[in-house]
>>> print(open('entry_29.csv').read())   # CSV, C-alpha atoms
chain,number,residue,atom,x,y,z
A,23,MET,CA,85.1,-42.3,24.4
A,24,THR,CA,86.7,-45.7,25.1
A,25,SER,CA,85.0,-49.1,25.2
A,26,GLU,CA,85.1,-48.8,29.0
A,27,GLY,CA,83.2,-45.5,28.9
A,28,PRO,CA,84.3,-41.8,28.8
A,29,ARG,CA,87.9,-41.2,29.6
A,30,ASP,CA,88.5,-38.8,32.5
A,31,VAL,CA,91.2,-36.4,31.2
A,32,ARG,CA,91.4,-34.2,34.3
A,33,MET,CA,94.9,-33.6,35.4
A,34,ARG,CA,96.2,-35.8,32.5
A,35,GLY,CA,96.4,-33.3,29.7
A,36,PHE,CA,95.4,-33.7,26.0
A,37,ARG,CA,96.7,-36.8,24.1
A,38,GLU,CA,96.0,-35.0,20.8
A,39,ARG,CA,94.5,-31.9,19.5
A,40,ALA,CA,92.1,-31.5,16.6
A,41,SER,CA,92.9,-29.1,13.8
A,42,VAL,CA,90.8,-25.9,13.4
A,43,ALA,CA,89.6,-27.1,10.0
A,44,SER,CA,88.4,-30.5,11.3
A,45,VAL,CA,86.4,-28.8,14.1
A,46,GLN,CA,84.8,-26.5,11.6
A,47,ALA,CA,84.0,-29.5,9.4
A,48,TRP,CA,82.3,-31.1,12.4
A,49,VAL,CA,80.3,-28.0,13.0
A,50,ASP,CA,79.2,-27.8,9.3
A,51,ALA,CA,78.1,-31.5,9.4
A,52,ARG,CA,75.5,-30.8,12.1
A,53,PRO,CA,72.0,-31.0,10.7
A,54,ASP,CA,70.0,-27.8,10.9
A,55,VAL,CA,67.1,-28.5,13.2
A,56,VAL,CA,65.9,-24.9,13.4
A,57,GLY,CA,62.6,-24.2,11.6
A,58,SER,CA,60.9,-21.2,10.2
A,59,GLU,CA,58.1,-18.8,11.3
A,60,LYS,CA,56.0,-16.0,9.9
A,61,VAL,CA,56.8,-12.5,11.3
A,62,GLY,CA,55.3,-9.1,10.8
A,63,LEU,CA,57.3,-6.6,8.8
A,64,HIS,CA,58.5,-4.7,11.9
A,65,GLY,CA,60.2,-7.9,13.0
A,66,ALA,CA,61.6,-9.0,9.7
A,67,TRP,CA,64.7,-6.9,9.4
A,68,ASP,CA,68.0,-8.9,9.5
A,69,ARG,CA,66.1,-12.2,9.4
A,70,VAL,CA,66.7,-14.7,6.7
A,71,LEU,CA,63.9,-15.3,4.2
A,72,VAL,CA,63.0,-18.9,3.6
A,73,GLU,CA,60.6,-18.6,0.7
A,74,ASP,CA,60.6,-16.4,-2.4
A,75,LEU,CA,58.5,-13.2,-2.3
A,76,THR,CA,56.5,-12.7,-5.5
A,77,SER,CA,54.3,-9.6,-6.1
A,78,ALA,CA,50.6,-10.0,-6.5
A,79,CYS,CA,50.2,-6.5,-7.9
A,80,ASP,CA,51.7,-3.7,-10.0
A,81,VAL,CA,53.4,-0.8,-8.2
A,82,PRO,CA,52.4,1.8,-8.8
A,83,ALA,CA,48.9,0.6,-9.7
A,84,PHE,CA,48.3,3.8,-11.7
A,85,SER,CA,50.2,6.4,-13.6
A,86,ARG,CA,51.1,9.3,-11.3
A,87,ALA,CA,52.9,12.6,-11.2
A,88,ALA,CA,56.6,12.5,-10.3
A,89,MET,CA,56.8,16.2,-9.8
A,90,ASP,CA,54.6,19.1,-8.6
A,91,GLY,CA,53.2,21.1,-11.5
A,92,TRP,CA,50.5,20.7,-14.1
A,93,ALA,CA,49.2,17.6,-15.9
A,94,VAL,CA,49.1,18.4,-19.6
A,95,ARG,CA,49.0,16.9,-23.1
A,96,GLY,CA,52.7,16.9,-24.0
A,97,GLU,CA,52.2,18.0,-27.5
A,98,ASP,CA,50.5,21.2,-26.2
A,99,THR,CA,53.8,22.3,-24.8
A,100,PHE,CA,55.9,21.9,-27.9
A,101,GLY,CA,57.6,25.2,-28.9
A,102,ALA,CA,57.1,26.8,-25.5
A,103,SER,CA,60.0,28.9,-24.1
A,104,GLU,CA,60.8,31.7,-21.7
A,105,THR,CA,60.6,34.2,-24.6
A,106,SER,CA,57.7,32.5,-26.3
A,107,PRO,CA,55.3,31.1,-23.7
A,108,ILE,CA,52.2,29.1,-24.7
A,109,GLU,CA,48.9,29.6,-22.8
A,110,LEU,CA,46.8,26.7,-21.4
A,111,HIS,CA,43.5,26.8,-19.5
A,112,VAL,CA,43.6,25.3,-16.0
A,113,VAL,CA,40.5,23.2,-15.5
A,114,GLY,CA,41.1,21.5,-12.1
A,115,LEU,CA,43.3,20.1,-9.3
A,116,ALA,CA,44.7,16.5,-8.8
A,117,LEU,CA,45.8,15.5,-5.3
A,118,PRO,CA,47.5,12.3,-4.0
A,119,GLY,CA,45.0,9.7,-2.8
A,120,GLN,CA,42.1,11.1,-4.9
A,121,SER,CA,41.0,10.2,-8.3
A,122,ALA,CA,41.0,13.0,-10.8
A,123,GLN,CA,37.5,14.3,-11.4
A,124,VAL,CA,38.4,16.1,-14.7
A,125,GLU,CA,39.7,15.1,-18.1
A,126,VAL,CA,42.5,17.1,-19.7
A,127,GLY,CA,41.4,18.2,-23.2
A,128,ARG,CA,43.4,20.0,-25.9
A,129,GLY,CA,44.7,23.3,-24.7
A,130,GLN,CA,44.0,22.4,-21.0
A,131,ALA,CA,46.0,21.7,-17.9
A,132,VAL,CA,45.3,20.4,-14.4
A,133,ARG,CA,47.3,21.5,-11.4
A,134,ILE,CA,48.8,18.3,-9.9
A,135,MET,CA,50.9,17.4,-6.8
A,136,THR,CA,53.6,14.7,-6.7
A,137,GLY,CA,52.0,11.2,-6.3
A,138,ALA,CA,48.6,12.2,-7.6
A,139,PRO,CA,47.0,10.0,-10.3
A,140,LEU,CA,47.4,11.4,-13.8
A,141,PRO,CA,44.0,12.7,-15.1
A,142,ALA,CA,42.6,11.1,-18.2
A,143,GLY,CA,43.8,12.8,-21.3
A,144,ALA,CA,47.1,13.9,-19.9
A,145,ASP,CA,50.3,12.2,-20.7
A,146,ALA,CA,53.0,14.5,-19.1
A,147,VAL,CA,53.6,16.8,-16.1
A,148,LEU,CA,55.0,20.3,-16.6
A,149,ARG,CA,57.2,21.2,-13.7
A,150,ALA,CA,56.1,24.0,-11.4
A,151,GLU,CA,59.2,26.1,-12.4
A,152,ASP,CA,58.3,25.8,-16.1
A,153,GLY,CA,54.9,27.5,-15.7
A,154,ASP,CA,53.2,30.6,-14.3
A,155,GLU,CA,49.6,30.2,-13.3
A,156,ARG,CA,47.4,33.3,-13.0
A,157,GLY,CA,43.8,32.6,-12.3
A,158,GLU,CA,42.7,29.9,-14.7
A,159,ARG,CA,45.5,30.7,-17.2
A,160,LEU,CA,48.8,28.9,-17.3
A,161,GLN,CA,51.8,30.5,-19.1
A,162,VAL,CA,53.9,27.5,-20.2
A,163,ARG,CA,57.6,28.4,-20.4
A,164,GLY,CA,59.1,25.0,-21.0
A,165,VAL,CA,58.5,21.8,-22.9
A,166,ALA,CA,57.1,18.6,-21.3
A,167,PRO,CA,57.0,15.9,-23.9
A,168,PRO,CA,54.8,12.8,-23.4
A,169,LYS,CA,55.7,10.6,-20.4
A,170,ARG,CA,57.9,13.4,-18.9
A,171,HIS,CA,57.8,13.4,-15.1
A,172,VAL,CA,55.2,10.7,-15.0
A,173,GLY,CA,55.6,7.5,-13.0
A,174,GLN,CA,54.1,4.8,-15.2
A,175,ALA,CA,51.9,2.0,-13.8
A,176,GLY,CA,54.0,-1.0,-12.9
A,177,GLU,CA,57.3,0.8,-13.4
A,178,ASP,CA,58.6,-0.2,-10.0
A,179,VAL,CA,57.1,-3.7,-9.6
A,180,ARG,CA,55.1,-5.9,-12.0
A,181,ARG,CA,52.5,-8.4,-11.0
A,182,GLY,CA,54.1,-11.8,-10.8
A,183,GLN,CA,57.6,-10.4,-10.5
A,184,ARG,CA,59.9,-12.3,-8.0
A,185,LEU,CA,61.1,-9.6,-5.7
A,186,LEU,CA,63.2,-11.4,-3.0
A,187,GLU,CA,64.7,-14.9,-3.1
A,188,ALA,CA,64.8,-17.4,-0.3
A,189,GLY,CA,68.0,-17.3,1.7
A,190,ARG,CA,68.3,-13.5,1.5
A,191,ARG,CA,69.2,-11.7,4.8
A,192,LEU,CA,66.6,-9.0,4.8
A,193,ARG,CA,67.7,-5.3,4.6
A,194,PRO,CA,65.5,-2.4,5.7
A,195,GLN,CA,64.7,-1.6,2.1
A,196,ASP,CA,63.6,-5.2,1.5
A,197,VAL,CA,61.1,-4.8,4.2
A,198,ALA,CA,59.9,-1.6,2.6
A,199,LEU,CA,59.5,-3.4,-0.7
A,200,ALA,CA,57.5,-6.1,0.8
A,201,ALA,CA,55.2,-3.5,2.4
A,202,SER,CA,54.8,-1.7,-1.0
A,203,VAL,CA,53.2,-4.8,-2.5
A,204,GLY,CA,50.8,-5.3,0.4
A,205,GLN,CA,52.8,-8.1,2.1
A,206,ALA,CA,51.9,-8.1,5.9
A,207,THR,CA,54.2,-11.0,7.0
A,208,LEU,CA,57.2,-12.8,5.8
A,209,ARG,CA,58.3,-16.4,6.4
A,210,VAL,CA,61.8,-16.3,7.9
A,211,LYS,CA,64.3,-18.6,9.6
A,212,GLN,CA,63.6,-19.0,13.3
A,213,ARG,CA,66.3,-17.6,15.6
A,214,PRO,CA,68.4,-20.5,17.0
A,215,ARG,CA,67.8,-20.7,20.8
A,216,VAL,CA,71.1,-20.5,22.6
A,217,ALA,CA,71.9,-21.2,26.3
A,218,ILE,CA,74.9,-19.7,28.0
A,219,PHE,CA,76.5,-21.2,31.1
A,220,ALA,CA,79.5,-19.7,32.8
A,221,THR,CA,81.1,-22.0,35.3
A,222,GLY,CA,83.5,-21.3,38.2
A,223,ASP,CA,83.4,-20.7,42.0
A,224,GLU,CA,85.4,-17.6,41.4
A,225,LEU,CA,82.8,-15.8,39.3
A,226,LEU,CA,80.8,-12.7,40.2
A,227,ALA,CA,77.8,-11.5,38.3
A,228,ALA,CA,78.4,-8.9,35.5
A,229,GLY,CA,77.9,-5.5,37.0
A,230,GLU,CA,79.5,-6.4,40.4
A,231,ALA,CA,83.0,-5.0,41.3
A,232,PRO,CA,85.9,-7.5,41.5
A,233,ARG,CA,86.8,-8.3,45.1
A,234,ASP,CA,89.0,-10.6,47.1
A,235,GLU,CA,89.8,-13.8,45.1
A,236,HIS,CA,86.8,-13.4,42.8
A,237,ILE,CA,86.5,-12.1,39.3
A,238,VAL,CA,83.6,-10.8,37.3
A,239,ASP,CA,81.9,-13.0,34.7
A,240,SER,CA,82.7,-11.0,31.5
A,241,ASN,CA,82.2,-13.9,29.1
A,242,THR,CA,78.4,-14.1,29.5
A,243,PRO,CA,77.7,-10.5,28.3
A,244,MET,CA,80.2,-10.9,25.5
A,245,LEU,CA,78.7,-14.2,24.4
A,246,ASP,CA,75.2,-12.8,24.7
A,247,ALA,CA,76.2,-9.9,22.3
A,248,LEU,CA,77.9,-12.3,19.9
A,249,VAL,CA,74.9,-14.7,19.7
A,250,ARG,CA,72.6,-11.8,19.0
A,251,ARG,CA,74.9,-10.4,16.4
A,252,ASP,CA,74.9,-13.8,14.7
A,253,GLY,CA,71.1,-14.1,14.5
A,254,GLY,CA,70.5,-16.2,17.6
A,255,GLU,CA,68.3,-15.7,20.6
A,256,VAL,CA,69.6,-16.2,24.1
A,257,VAL,CA,67.0,-18.2,26.0
A,258,ALA,CA,69.0,-19.0,29.2
A,259,ALA,CA,72.1,-17.5,30.8
A,260,ASP,CA,73.4,-18.7,34.2
A,261,ARG,CA,76.5,-18.8,36.4
A,262,LEU,CA,77.2,-22.3,37.8
A,263,ARG,CA,79.5,-23.2,40.6
A,264,ASP,CA,82.1,-26.0,40.1
A,265,ASP,CA,79.5,-28.6,41.1
A,266,ARG,CA,79.3,-31.6,38.8
A,267,GLU,CA,75.7,-32.5,39.5
A,268,ARG,CA,74.5,-28.9,39.2
A,269,ILE,CA,76.3,-28.5,35.8
A,270,LYS,CA,74.9,-31.8,34.7
A,271,ARG,CA,71.3,-30.8,35.5
A,272,ALA,CA,71.7,-27.5,33.8
A,273,LEU,CA,73.0,-29.0,30.6
A,274,SER,CA,70.4,-31.8,30.6
A,275,TRP,CA,67.3,-29.7,31.3
A,276,VAL,CA,67.9,-26.6,29.2
A,277,LYS,CA,65.7,-26.2,26.1
A,278,ALA,CA,68.1,-24.8,23.4
A,279,ASP,CA,69.4,-25.5,19.9
A,280,VAL,CA,73.0,-24.6,20.9
A,281,ILE,CA,74.6,-24.8,24.3
A,282,LEU,CA,77.6,-22.7,25.3
A,283,VAL,CA,79.7,-23.4,28.4
A,284,SER,CA,82.5,-21.0,29.3
A,285,GLY,CA,85.0,-22.1,31.8
A,286,GLY,CA,85.6,-25.6,33.0
A,287,SER,CA,86.6,-26.9,29.6
A,288,SER,CA,90.2,-27.9,30.2
A,289,VAL,CA,91.8,-30.7,32.2
A,290,GLY,CA,91.9,-29.3,35.7
A,291,GLN,CA,90.4,-30.9,38.7
A,292,GLU,CA,87.2,-28.7,38.6
A,293,ASP,CA,86.7,-28.9,34.8
A,294,HIS,CA,83.6,-31.1,34.9
A,295,ALA,CA,81.9,-30.1,31.6
A,296,PRO,CA,83.9,-32.4,29.2
A,297,GLY,CA,83.2,-35.5,31.3
A,298,ILE,CA,79.5,-34.7,31.6
A,299,VAL,CA,79.2,-34.3,27.8
A,300,ALA,CA,81.1,-37.5,27.3
A,301,GLU,CA,78.9,-39.4,29.8
A,302,GLU,CA,75.6,-38.0,28.8
A,303,GLY,CA,76.1,-37.6,25.0
A,304,GLU,CA,79.1,-37.4,22.7
A,305,LEU,CA,82.3,-35.5,23.3
A,306,ALA,CA,83.5,-35.3,19.7
A,307,ILE,CA,86.3,-32.8,20.3
A,308,HIS,CA,88.4,-32.0,23.3
A,309,GLY,CA,91.5,-29.9,22.7
A,310,VAL,CA,92.2,-27.9,19.5
A,311,ALA,CA,95.5,-26.8,17.9
A,312,LEU,CA,94.7,-23.2,18.4
A,313,ARG,CA,96.4,-20.4,20.4
A,314,PRO,CA,94.7,-19.2,22.4
A,315,ALA,CA,91.7,-21.5,23.0
A,316,ALA,CA,93.5,-24.9,23.0
A,317,PRO,CA,91.2,-26.3,25.8
A,318,THR,CA,88.1,-25.9,23.5
A,319,GLY,CA,85.7,-28.8,23.3
A,320,ALA,CA,82.6,-29.7,21.3
A,321,GLY,CA,80.0,-32.5,21.4
A,322,LEU,CA,76.4,-33.4,21.4
A,323,LEU,CA,73.7,-33.7,24.0
A,324,SER,CA,70.4,-35.1,22.7
A,325,GLU,CA,71.7,-34.2,19.2
A,326,ARG,CA,72.2,-30.5,20.2
A,327,PRO,CA,75.7,-29.1,19.7
A,328,VAL,CA,77.5,-28.2,22.9
A,329,PHE,CA,80.6,-26.0,22.8
A,330,LEU,CA,83.0,-25.9,25.7
A,331,LEU,CA,84.7,-22.6,25.6
A,332,PRO,CA,87.7,-21.7,27.6
A,333,GLY,CA,87.2,-19.3,30.6
A,334,ASN,CA,89.9,-16.9,29.6
A,335,PRO,CA,88.0,-14.2,27.7
A,336,VAL,CA,90.3,-13.9,24.6
A,337,SER,CA,90.2,-17.7,24.2
A,338,CYS,CA,86.4,-17.6,24.7
A,339,LEU,CA,86.1,-15.0,22.0
A,340,SER,CA,88.3,-16.8,19.4
A,341,ALA,CA,86.7,-20.2,20.1
A,342,TYR,CA,83.2,-18.7,19.8
A,343,ASP,CA,83.9,-17.0,16.5
A,344,LEU,CA,85.7,-20.0,14.9
A,345,PHE,CA,83.4,-22.7,16.1
A,346,ALA,CA,80.3,-22.0,18.2
A,347,GLY,CA,79.4,-18.8,16.3
A,348,ARG,CA,79.7,-20.8,13.1
A,349,ALA,CA,76.9,-23.1,14.3
A,350,VAL,CA,74.7,-20.2,15.4
A,351,ARG,CA,75.1,-18.4,12.1
A,352,ARG,CA,74.4,-21.6,10.1
A,353,PHE,CA,71.3,-22.4,12.1
A,354,ALA,CA,70.1,-18.7,11.6
A,355,GLY,CA,70.3,-19.2,7.9
A,356,ARG,CA,73.4,-17.0,7.5
A,357,ALA,CA,76.8,-17.6,6.0
A,358,PRO,CA,78.9,-19.6,8.5
A,359,GLU,CA,82.0,-17.5,8.0
A,360,TRP,CA,82.5,-14.7,10.6
A,361,PRO,CA,80.9,-11.3,9.8
A,362,TYR,CA,84.1,-9.3,9.9
A,363,ARG,CA,85.4,-7.1,7.1
A,364,ALA,CA,88.7,-8.2,5.8
A,365,THR,CA,91.6,-6.2,4.5
A,366,ARG,CA,95.1,-7.0,3.4
A,367,LEU,CA,98.0,-5.1,4.9
A,368,PRO,CA,101.8,-5.5,5.3
A,369,LEU,CA,103.2,-6.4,8.7
A,370,ARG,CA,105.2,-3.8,10.6
A,371,ALA,CA,106.7,-6.4,13.0
A,372,LYS,CA,107.5,-10.1,13.0
A,373,ILE,CA,105.0,-12.7,14.2
A,374,SER,CA,106.3,-16.0,15.5
A,375,SER,CA,104.2,-19.2,15.6
A,376,ALA,CA,104.7,-22.9,15.6
A,377,LEU,CA,103.9,-25.6,13.0
A,378,GLY,CA,100.8,-27.5,13.5
A,379,ARG,CA,98.6,-24.9,15.2
A,380,VAL,CA,96.6,-21.8,14.2
A,381,ASP,CA,97.5,-18.6,16.0
A,382,TYR,CA,94.8,-15.9,16.7
A,383,VAL,CA,96.8,-12.7,16.8
A,384,ARG,CA,95.3,-9.4,17.9
A,385,VAL,CA,96.6,-6.4,15.8
A,386,ARG,CA,96.5,-2.7,15.6
A,387,VAL,CA,96.1,-1.1,12.2
A,388,GLY,CA,98.2,2.0,11.2
A,389,GLU,CA,98.7,4.1,8.1
A,390,ASP,CA,101.7,2.0,7.0
A,391,GLY,CA,100.5,-1.4,8.0
A,392,VAL,CA,99.5,-3.7,10.8
A,393,GLU,CA,101.3,-4.4,14.1
A,394,PRO,CA,100.7,-7.3,16.5
A,395,LEU,CA,100.0,-6.2,20.1
A,396,MET,CA,102.7,-7.1,22.6
A,397,SER,CA,100.1,-8.4,25.1
A,398,ARG,CA,99.2,-11.9,23.9
A,399,GLY,CA,97.8,-13.4,27.1
A,400,ALA,CA,94.5,-15.2,26.8
A,401,SER,CA,93.2,-13.5,29.9
A,402,ILE,CA,94.1,-9.9,28.7
A,403,LEU,CA,90.6,-8.9,27.6
A,404,SER,CA,91.6,-5.3,27.2
A,405,SER,CA,93.9,-6.4,24.3
A,406,THR,CA,90.7,-7.0,22.2
A,407,THR,CA,89.5,-3.5,22.8
A,408,GLU,CA,92.9,-1.9,22.1
A,409,ALA,CA,93.1,-4.0,18.9
A,410,ASP,CA,91.5,-3.0,15.6
A,411,GLY,CA,91.2,-6.6,14.6
A,412,PHE,CA,93.0,-9.9,14.3
A,413,LEU,CA,94.8,-12.2,11.9
A,414,LEU,CA,95.2,-16.0,11.8
A,415,VAL,CA,98.6,-17.6,11.4
A,416,ALA,CA,98.0,-20.8,9.4
A,417,GLU,CA,98.9,-24.1,11.0
A,418,GLY,CA,101.5,-24.7,8.3
A,419,SER,CA,103.5,-21.6,9.1
A,420,GLU,CA,106.1,-20.7,11.7
A,421,GLY,CA,105.1,-17.1,11.5
A,422,TYR,CA,105.5,-14.1,9.2
A,423,PRO,CA,108.4,-11.6,8.7
A,424,PRO,CA,108.0,-7.8,8.6
A,425,GLY,CA,106.6,-6.6,5.3
A,426,HIS,CA,104.6,-9.8,4.7
A,427,VAL,CA,101.1,-9.0,3.5
A,428,VAL,CA,98.5,-10.6,5.8
A,429,GLU,CA,94.7,-10.7,5.8
A,430,VAL,CA,93.3,-8.8,8.8
A,431,PHE,CA,89.8,-9.2,10.1
A,432,LEU,CA,88.4,-6.0,11.6
A,433,TYR,CA,86.4,-6.0,14.8
A,434,ASP,CA,84.2,-3.1,13.7
A,435,ALA,CA,81.3,-4.2,11.6
A,436,VAL,CA,81.4,-1.1,9.4
>>> encode(input="entry_29.csv", output="structure tokens")
Amino acid sequence: MTSEGPRDVRMRGFRERASVASVQAWVDARPDVVGSEKVGLHGAWDRVLVEDLTSACDVPAFSRAAMDGWAVRGEDTFGASETSPIELHVVGLALPGQSAQVEVGRGQAVRIMTGAPLPAGADAVLRAEDGDERGERLQVRGVAPPKRHVGQAGEDVRRGQRLLEAGRRLRPQDVALAASVGQATLRVKQRPRVAIFATGDELLAAGEAPRDEHIVDSNTPMLDALVRRDGGEVVAADRLRDDRERIKRALSWVKADVILVSGGSSVGQEDHAPGIVAEEGELAIHGVALRPAAPTGAGLLSERPVFLLPGNPVSCLSAYDLFAGRAVRRFAGRAPEWPYRATRLPLRAKISSALGRVDYVRVRVGEDGVEPLMSRGASILSSTTEADGFLLVAEGSEGYPPGHVVEVFLYDAV
């Protein structure tokens, strides 16, 4: 922004382009304004915990059978074998969820099922395959020393034990552990609210068939999926015509923590979004040394980050992952880096680049290395489905020769 007000860059091109690293630094400097909330266990998976979880009880709270069989005094089984069984007297039955009504004395046994409380007097469980019960008589054909096949009180969790630390992204088993200690809710990071606007007179709604001079809006469903993958919640999604006032109203009125605008981010006559952000807030970045996605912009409206993503779908994908997704992931309490698995492989063909920019290169992975796709156009969306992943050529490199080992980021999550 100049002292005379925001500069209109339409039809004038970019005077300079920000580095990828500087844009990411700007994203990381944004204060996190997303709070926390309590959710039930069924809504806690994949959320980020904001306070430690400490157990208020022992689990299990009682000693219990770890096998089906008979509760016994371990010493009563010493010396028992297939050829020299020992006989015990069966005096009762112990079932899960019921307190044992009988005590095990010397020479006695109680039939017991897995999970049932161990009766008083017993200190071991004889496996079903190591005994032969006939009436009230049990032929013991194996040894069950004290504590054998018994789940001791507190062996899983101890009262006062810290189970989960703040900042943890909750797994299904974490939710199960919380349930096991009687926790009904967990305090987690709120999902950042994200608004998505696709601009352009040429756009048709997703689901319509392309016709005449119109194209289908493929960016909105892609961005919706990416936002949800990164822990965000899409609270608004709309297609906007190339009408400056309509775009201005949409950006000003929407209630969101992050705003994404796809299309209208460059320097064309109908690219209104950069000027609106500069006029109504702060256009911190316009133009990035990145191929594709050079026309990316970023700024603030009422202290909310706004990302101006190119309309070409490959550019939109790379700009989201490098910049906008980084903000969504941070605000959701997750690591800002993208959630792709990485592997290192040799190149099967040369990649050319230019000093001073980062290249986002789609690649296909084979048994003997990785090969860049010939189709590099920013509008060739099918190249991202044909590709197994992508690599980045650093801004300080003019490319890589065949055989050079590169880091490849795989699109598939697992």
>>> closest_residue(input="entry_29.csv", among="A:Gly182, A:Ala116, A:Ala217, A:Thr242", to="Gly229 of chain A", atoms="all atoms listed in the file")
A:Thr242
>>> closest_residue(input="entry_29.csv", among="A:Phe219, A:Trp67, A:Phe100, A:Tyr382", to="Leu339 of chain A", atoms="all atoms listed in the file")
A:Tyr382
>>> atom_distance(input="entry_29.csv", atom1="atom CA of Leu110 of chain A", atom2="atom CA of Gln174 of chain A")
23.9 Å
>>> closest_residue(input="entry_29.csv", among="A:Leu185, A:Ala93, A:Ala122, A:Ala364", to="Ser202 of chain A", atoms="only C-alpha atoms")
A:Leu185
>>> closest_residue(input="entry_29.csv", among="A:Val350, A:Ala175, A:Ala88, A:Val203", to="Ile134 of chain A", atoms="all atoms listed in the file")
A:Ala88
>>> atom_distance(input="entry_29.csv", atom1="atom CA of Ala316 of chain A", atom2="atom CA of Glu420 of chain A")
17.4 Å
>>> atom_distance(input="entry_29.csv", atom1="atom CA of Ala78 of chain A", atom2="atom CA of Lys60 of chain A")
18.3 Å
>>> residues_around(input="entry_29.csv", residues="Asp239 of chain A", least_positions_apart="5", cutoff="8 Å", atoms="all atoms listed in the file", output="list of chain:residue names")
A:Ala220, A:Leu225, A:Leu226, A:Ala227, A:Ala228
>>> closest_residue(input="entry_29.csv", among="A:Ala300, A:Val238, A:Ala349, A:Leu344", to="Ile281 of chain A", atoms="all atoms listed in the file")
A:Ala349
>>> closest_residue(input="entry_29.csv", among="A:Arg268, A:Arg181, A:Arg313, A:Arg366", to="Gly378 of chain A", atoms="only C-alpha atoms")
A:Arg313
>>> residues_around(input="entry_29.csv", residues="Leu305 of chain A", least_positions_apart="6", cutoff="10 Å", atoms="only C-alpha atoms", output="list in words")
Met23, Pro28, Ala295, Pro296, Gly297, Ile298, Val299, Gly319, Ala320, Gly321, Leu322, Leu323, Pro327, Val328, Phe329 and Leu330 of chain A
>>> residues_around(input="entry_29.csv", residues="segment 144-155 of chain A", least_positions_apart="4", cutoff="9 Å", atoms="only C-alpha atoms", output="compact mmCIF listing (two decimals) with C-alpha atoms, keeping the file's coordinate frame")
# COMPACT_ATOMS: atom_id res chain seq x y z
CA ALA A 87 52.90 12.60 -11.20
CA ALA A 88 56.60 12.50 -10.30
CA MET A 89 56.80 16.20 -9.80
CA ASP A 90 54.60 19.10 -8.60
CA GLY A 91 53.20 21.10 -11.50
CA TRP A 92 50.50 20.70 -14.10
CA ALA A 93 49.20 17.60 -15.90
CA VAL A 94 49.10 18.40 -19.60
CA ARG A 95 49.00 16.90 -23.10
CA GLY A 96 52.70 16.90 -24.00
CA THR A 99 53.80 22.30 -24.80
CA SER A 103 60.00 28.90 -24.10
CA GLU A 104 60.80 31.70 -21.70
CA PRO A 107 55.30 31.10 -23.70
CA VAL A 112 43.60 25.30 -16.00
CA GLU A 125 39.70 15.10 -18.10
CA VAL A 126 42.50 17.10 -19.70
CA GLY A 127 41.40 18.20 -23.20
CA ALA A 131 46.00 21.70 -17.90
CA VAL A 132 45.30 20.40 -14.40
CA ILE A 134 48.80 18.30 -9.90
CA LEU A 140 47.40 11.40 -13.80
CA ARG A 159 45.50 30.70 -17.20
CA LEU A 160 48.80 28.90 -17.30
CA GLN A 161 51.80 30.50 -19.10
CA VAL A 162 53.90 27.50 -20.20
CA ARG A 163 57.60 28.40 -20.40
CA GLY A 164 59.10 25.00 -21.00
CA VAL A 165 58.50 21.80 -22.90
CA ALA A 166 57.10 18.60 -21.30
CA PRO A 167 57.00 15.90 -23.90
CA PRO A 168 54.80 12.80 -23.40
CA LYS A 169 55.70 10.60 -20.40
CA ARG A 170 57.90 13.40 -18.90
CA HIS A 171 57.80 13.40 -15.10
CA VAL A 172 55.20 10.70 -15.00
>>> residues_around(input="entry_29.csv", residues="Glu429 of chain A", least_positions_apart="2", cutoff="8 Å", atoms="only C-alpha atoms", output="ChimeraX atom specification")
/A:364-367,413,427,431
>>> residues_around(input="entry_29.csv", residues="Arg379 of chain A", least_positions_apart="4", cutoff="9 Å", atoms="only C-alpha atoms", output="list in words")
Ser41, Val42, Val310, Ala311, Leu312, Arg313, Ser375, Val415, Ala416, Glu417, Gly418 and Ser419 of chain A
>>> write_last_selection(input="entry_29.csv", atoms="C-alpha atoms", output="PDB file, in the frame of the given file")
ATOM      1  CA  SER A  41      92.900 -29.100  13.800  1.00  0.00           C
ATOM      2  CA  VAL A  42      90.800 -25.900  13.400  1.00  0.00           C
ATOM      3  CA  VAL A 310      92.200 -27.900  19.500  1.00  0.00           C
ATOM      4  CA  ALA A 311      95.500 -26.800  17.900  1.00  0.00           C
ATOM      5  CA  LEU A 312      94.700 -23.200  18.400  1.00  0.00           C
ATOM      6  CA  ARG A 313      96.400 -20.400  20.400  1.00  0.00           C
ATOM      7  CA  SER A 375     104.200 -19.200  15.600  1.00  0.00           C
ATOM      8  CA  VAL A 415      98.600 -17.600  11.400  1.00  0.00           C
ATOM      9  CA  ALA A 416      98.000 -20.800   9.400  1.00  0.00           C
ATOM     10  CA  GLU A 417      98.900 -24.100  11.000  1.00  0.00           C
ATOM     11  CA  GLY A 418     101.500 -24.700   8.300  1.00  0.00           C
ATOM     12  CA  SER A 419     103.500 -21.600   9.100  1.00  0.00           C
TER      13      SER A 419
END
>>> decode(input="entry_29.csv", residues="segment 169-180 of chain A", atoms="C-alpha atoms", output="PDB file, in the first residue's frame")
ATOM      1  CA  LYS A 169      -0.652 -63.933  39.746  1.00  0.00           C
ATOM      2  CA  ARG A 170      -0.821 -66.123  36.617  1.00  0.00           C
ATOM      3  CA  HIS A 171      -3.618 -64.989  34.249  1.00  0.00           C
ATOM      4  CA  VAL A 172      -4.773 -62.302  36.673  1.00  0.00           C
ATOM      5  CA  GLY A 173      -5.241 -58.652  35.712  1.00  0.00           C
ATOM      6  CA  GLN A 174      -4.111 -56.750  38.777  1.00  0.00           C
ATOM      7  CA  ALA A 175      -5.964 -53.665  40.056  1.00  0.00           C
ATOM      8  CA  GLY A 176      -4.431 -50.555  38.494  1.00  0.00           C
ATOM      9  CA  GLU A 177      -2.196 -52.456  36.068  1.00  0.00           C
ATOM     10  CA  ASP A 178      -3.582 -50.461  33.116  1.00  0.00           C
ATOM     11  CA  VAL A 179      -4.005 -47.008  34.702  1.00  0.00           C
ATOM     12  CA  ARG A 180      -3.175 -45.632  38.135  1.00  0.00           C
TER      13      ARG A 180
END
